[in-house]
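Chemist: Input run.txt, format and content: compact mmCIF, C-alpha atoms.
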# COMPACT_ATOMS: atom_id res chain seq x y z
CA MET A 1 31.00 159.23 51.56
CA ILE A 2 31.90 160.30 48.06
CA GLY A 3 34.97 158.13 47.49
CA ILE A 4 38.00 156.40 48.94
CA ARG A 5 40.83 158.88 49.44
CA HIS A 6 43.69 156.45 49.99
CA THR A 7 44.73 153.23 51.69
CA GLY A 8 47.39 153.44 54.41
CA ILE A 9 50.03 150.70 54.49
CA VAL A 10 52.50 150.52 57.38
CA VAL A 11 55.98 149.53 56.15
CA SER A 12 59.28 148.73 57.84
CA ASP A 13 61.49 150.38 55.19
CA ALA A 14 59.89 153.20 53.21
CA ASP A 15 62.68 153.35 50.62
CA ARG A 16 62.38 149.63 49.84
CA SER A 17 58.59 149.88 49.63
CA ILE A 18 58.79 152.97 47.42
CA GLN A 19 60.92 150.97 44.97
CA PHE A 20 58.38 148.12 45.00
CA TYR A 21 55.31 150.30 44.50
CA THR A 22 56.91 152.57 41.87
CA ASN A 23 59.02 150.14 39.82
CA LEU A 24 56.63 147.18 39.90
CA LEU A 25 53.16 148.63 40.31
CA GLY A 26 53.50 152.01 38.61
CA PHE A 27 52.82 154.42 41.48
CA GLN A 28 54.42 157.86 41.56
CA ILE A 29 55.36 159.77 44.69
CA LYS A 30 53.02 162.69 45.30
CA LYS A 31 54.31 163.71 48.75
CA ASP A 32 57.08 162.38 51.02
CA GLN A 33 57.34 163.94 54.48
CA ILE A 34 58.14 163.42 58.15
CA GLU A 35 55.16 164.18 60.38
CA LYS A 36 55.59 164.94 64.08
CA GLY A 37 54.22 167.33 66.68
CA ALA A 38 50.96 168.09 68.45
CA TYR A 39 48.71 167.71 65.40
CA ILE A 40 49.83 164.20 64.44
CA ASP A 41 49.99 163.12 68.12
CA THR A 42 46.37 164.21 68.55
CA PHE A 43 45.26 162.88 65.18
CA LEU A 44 46.71 159.38 65.77
CA GLY A 45 46.25 159.33 69.54
CA ILE A 46 49.93 158.41 69.99
CA LYS A 47 52.29 160.52 72.11
CA ASP A 48 55.57 161.77 70.59
CA VAL A 49 54.98 160.08 67.26
CA GLN A 50 57.24 160.61 64.29
CA VAL A 51 56.17 158.98 61.04
CA ARG A 52 57.39 159.20 57.47
CA THR A 53 54.37 159.37 55.21
CA VAL A 54 54.68 158.82 51.49
CA LYS A 55 51.58 159.50 49.43
CA MET A 56 51.75 157.66 46.12
CA GLN A 57 49.41 157.97 43.18
CA LEU A 58 48.51 156.16 39.97
CA GLN A 59 47.73 157.98 36.71
CA ASN A 60 43.99 157.72 37.48
CA ASN A 61 44.61 159.51 40.84
CA ASP A 62 44.03 156.42 43.02
CA MET A 63 46.29 156.77 46.05
CA ILE A 64 48.06 154.77 48.73
CA GLU A 65 49.99 156.12 51.70
CA LEU A 66 53.07 154.31 52.99
CA LEU A 67 53.75 154.94 56.69
CA GLN A 68 57.07 154.19 58.36
CA PHE A 69 56.84 154.87 62.08
CA GLU A 70 60.25 156.09 63.20
CA SER A 71 59.30 156.73 66.83
CA HIS A 72 57.28 153.63 67.64
CA PRO A 73 57.89 150.00 66.74
CA SER A 74 55.50 148.53 64.20
CA GLU A 75 53.96 145.21 65.13
CA ILE A 76 55.04 142.32 62.98
CA ASP A 77 52.15 139.91 62.69
CA PRO A 78 51.80 137.79 59.60
CA PRO A 79 48.79 139.23 57.76
CA SER A 80 46.06 136.68 57.12
CA LEU A 81 43.57 136.67 54.30
CA THR A 82 40.99 135.33 56.76
CA GLY A 83 41.76 137.75 59.62
CA LEU A 84 39.39 140.40 60.87
CA GLY A 85 39.72 143.89 59.44
CA CYS A 86 41.46 144.85 56.24
CA THR A 87 42.98 141.73 54.73
CA HIS A 88 44.30 142.93 51.38
CA VAL A 89 44.45 145.76 48.88
CA ALA A 90 43.23 145.08 45.34
CA PHE A 91 44.82 146.79 42.34
CA SER A 92 43.65 146.78 38.73
CA THR A 93 46.13 146.09 35.95
CA ASP A 94 45.92 145.97 32.18
CA SER A 95 48.03 142.77 32.14
CA ALA A 96 47.93 140.28 35.00
CA TRP A 97 50.54 138.09 33.32
CA ARG A 98 53.02 140.96 32.79
CA THR A 99 52.57 142.08 36.41
CA TYR A 100 52.93 138.48 37.58
CA VAL A 101 56.21 138.06 35.66
CA ASP A 102 57.56 141.39 36.96
CA LEU A 103 56.73 140.44 40.56
CA GLN A 104 58.19 136.97 40.07
CA ARG A 105 61.47 138.48 38.77
CA TYR A 106 61.53 140.79 41.78
CA GLY A 107 61.22 137.78 44.08
CA ALA A 108 57.85 138.70 45.56
CA THR A 109 55.87 136.05 47.40
CA ILE A 110 53.12 135.03 44.99
CA ALA A 111 50.22 132.83 46.07
CA ASN A 112 49.02 131.71 42.64
CA LYS A 113 49.39 132.19 38.91
CA PRO A 114 46.86 134.52 37.30
CA THR A 115 43.60 132.56 37.33
CA LEU A 116 40.38 133.23 35.45
CA SER A 117 37.48 133.99 37.80
CA ALA A 118 34.49 131.64 37.81
CA ASP A 119 32.43 134.13 35.80
CA GLY A 120 35.27 134.65 33.30
CA ARG A 121 35.35 138.40 33.89
CA ALA A 122 38.73 138.73 35.63
CA LEU A 123 42.22 137.28 35.70
CA VAL A 124 43.35 137.37 39.33
CA PHE A 125 46.33 136.53 41.53
CA PHE A 126 47.52 137.33 45.05
CA CYS A 127 51.01 138.37 46.14
CA LYS A 128 52.70 140.09 49.07
CA ASP A 129 54.53 143.40 49.24
CA PRO A 130 57.99 143.52 50.92
CA ASP A 131 56.42 143.58 54.43
CA GLY A 132 53.89 140.83 53.78
CA THR A 133 50.81 142.92 53.04
CA TRP A 134 48.55 140.91 50.73
CA LEU A 135 47.84 142.47 47.33
CA GLU A 136 45.20 141.24 44.89
CA ILE A 137 46.08 141.94 41.27
CA VAL A 138 43.10 141.99 38.91
CA GLU A 139 42.85 142.27 35.15
CA GLU A 140 39.23 142.83 34.19
CA ARG A 141 37.98 141.10 31.06
CA ALA A 142 35.15 142.21 28.79
I'd like the structure from this file rewritten - as structure tokens, please.

Modeler:
Amino acid sequence: MIGIRHTGIVVSDADRSIQFYTNLLGFQIKKDQIEKGAYIDTFLGIKDVQVRTVKMQLQNNDMIELLQFESHPSEIDPPSLTGLGCTHVAFSTDSAWRTYVDLQRYGATIANKPTLSADGRALVFFCKDPDGTWLEIVEERA
């Protein structure tokens, strides 16, 4: 591998999630499309799938992809930080406190106030996106 291309996040309402990720976390939409047909069916291994995919990018080119499945119901299980598989997505910020305040004003579920890591190198807090996906917000310190 030479890098991580993007992280896919299944959402229940793409428009609501777009607002969250753009207005609060600074992502910009790179591509917004409906995917359906033989290619996506084969690629995902799901018959007759229709999914809205929204690729979003930060200024440094890091990318996420929001996926709203329009043809198949998305499972609603409360994500757990101790569950198997991907438990959270970590984002870097230049101000943990500013991001914390913005998310608090938005009404996001926040697990803790920004807290200095044991080694003193990062200010960190966890929150949830509109569908409950855990996000780790990290401000690195010198």

Chemist: Pull the neighbourhood of (51.5, 162.8, 65.9) for me: all residues within 12 Å in file coordinates, counting all atoms listed in the file, as a ChimeraX atom specification.

Modeler: /A:34-53,69-72

Chemist: Can I get the selected residues back with C-alpha atoms, as a PDB file, in the frame of the given file?

Modeler:
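Written file, selection-v2.pdb:
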ATOM      1  CA  ILE A  34      58.140 163.420  58.150  1.00  0.00           C
ATOM      2  CA  GLU A  35      55.160 164.180  60.380  1.00  0.00           C
ATOM      3  CA  LYS A  36      55.590 164.940  64.080  1.00  0.00           C
ATOM      4  CA  GLY A  37      54.220 167.330  66.680  1.00  0.00           C
ATOM      5  CA  ALA A  38      50.960 168.090  68.450  1.00  0.00           C
ATOM      6  CA  TYR A  39      48.710 167.710  65.400  1.00  0.00           C
ATOM      7  CA  ILE A  40      49.830 164.200  64.440  1.00  0.00           C
ATOM      8  CA  ASP A  41      49.990 163.120  68.120  1.00  0.00           C
ATOM      9  CA  THR A  42      46.370 164.210  68.550  1.00  0.00           C
ATOM     10  CA  PHE A  43      45.260 162.880  65.180  1.00  0.00           C
ATOM     11  CA  LEU A  44      46.710 159.380  65.770  1.00  0.00           C
ATOM     12  CA  GLY A  45      46.250 159.330  69.540  1.00  0.00           C
ATOM     13  CA  ILE A  46      49.930 158.410  69.990  1.00  0.00           C
ATOM     14  CA  LYS A  47      52.290 160.520  72.110  1.00  0.00           C
ATOM     15  CA  ASP A  48      55.570 161.770  70.590  1.00  0.00           C
ATOM     16  CA  VAL A  49      54.980 160.080  67.260  1.00  0.00           C
ATOM     17  CA  GLN A  50      57.240 160.610  64.290  1.00  0.00           C
ATOM     18  CA  VAL A  51      56.170 158.980  61.040  1.00  0.00           C
ATOM     19  CA  ARG A  52      57.390 159.200  57.470  1.00  0.00           C
ATOM     20  CA  THR A  53      54.370 159.370  55.210  1.00  0.00           C
ATOM     21  CA  PHE A  69      56.840 154.870  62.080  1.00  0.00           C
ATOM     22  CA  GLU A  70      60.250 156.090  63.200  1.00  0.00           C
ATOM     23  CA  SER A  71      59.300 156.730  66.830  1.00  0.00           C
ATOM     24  CA  HIS A  72      57.280 153.630  67.640  1.00  0.00           C
TER      25      HIS A  72
END

Chemist: Can you tell me which residues surround Ile64 in chain A at a distance of at most 7 Å, considering all atoms listed in the file, apart from same-chain residues fewer than 5 positions away, and format the answer as an NGL selection string?

Modeler: :A and (6-8 or 55-57)

Chemist: Hey, can you check how far CA of Leu123 in chain A sits from CA of Lys30 in chain A?

Modeler: 29.2 Å

Chemist: Nearest residue to Leu116 in chain A out of A:Leu135, A:Val10, A:Ala96, A:Leu103, using only C-alpha atoms?

Modeler: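 Closest candidate: A:Ala96.
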
Chemist: List every protein, DNA or RNA residue that has an atom no more than 10 Å from (47.8, 142.5, 47.5) in the file's coordinate frame, counting all atoms listed in the file, and report them as a list in words.

Modeler: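 Within the cut-off we find Leu81, Thr87, His88, Val89, Ala90, Phe91, Ile110, Phe125, Phe126, Cys127, Lys128, Asp129, Gly132, Thr133, Trp134, Leu135, Glu136, Ile137 and Val138 of chain A.
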
Chemist: Once you have the residues from the selection above, write them out as a PDB file, in the coordinates of the input, restricted to C-alpha atoms.

Modeler:
ATOM      1  CA  LEU A  81      43.570 136.670  54.300  1.00  0.00           C
ATOM      2  CA  THR A  87      42.980 141.730  54.730  1.00  0.00           C
ATOM      3  CA  HIS A  88      44.300 142.930  51.380  1.00  0.00           C
ATOM      4  CA  VAL A  89      44.450 145.760  48.880  1.00  0.00           C
ATOM      5  CA  ALA A  90      43.230 145.080  45.340  1.00  0.00           C
ATOM      6  CA  PHE A  91      44.820 146.790  42.340  1.00  0.00           C
ATOM      7  CA  ILE A 110      53.120 135.030  44.990  1.00  0.00           C
ATOM      8  CA  PHE A 125      46.330 136.530  41.530  1.00  0.00           C
ATOM      9  CA  PHE A 126      47.520 137.330  45.050  1.00  0.00           C
ATOM     10  CA  CYS A 127      51.010 138.370  46.140  1.00  0.00           C
ATOM     11  CA  LYS A 128      52.700 140.090  49.070  1.00  0.00           C
ATOM     12  CA  ASP A 129      54.530 143.400  49.240  1.00  0.00           C
ATOM     13  CA  GLY A 132      53.890 140.830  53.780  1.00  0.00           C
ATOM     14  CA  THR A 133      50.810 142.920  53.040  1.00  0.00           C
ATOM     15  CA  TRP A 134      48.550 140.910  50.730  1.00  0.00           C
ATOM     16  CA  LEU A 135      47.840 142.470  47.330  1.00  0.00           C
ATOM     17  CA  GLU A 136      45.200 141.240  44.890  1.00  0.00           C
ATOM     18  CA  ILE A 137      46.080 141.940  41.270  1.00  0.00           C
ATOM     19  CA  VAL A 138      43.100 141.990  38.910  1.00  0.00           C
TER      20      VAL A 138
END

Chemist: So that I can check the surroundings of Val54 in chain A, please list as a ChimeraX atom specification every protein, DNA and RNA residue that reaches within 9 Å of it, counting all atoms listed in the file and ignoring chain neighbours fewer than 3 positions away.

Modeler: /A:14,18,29-34,64-68
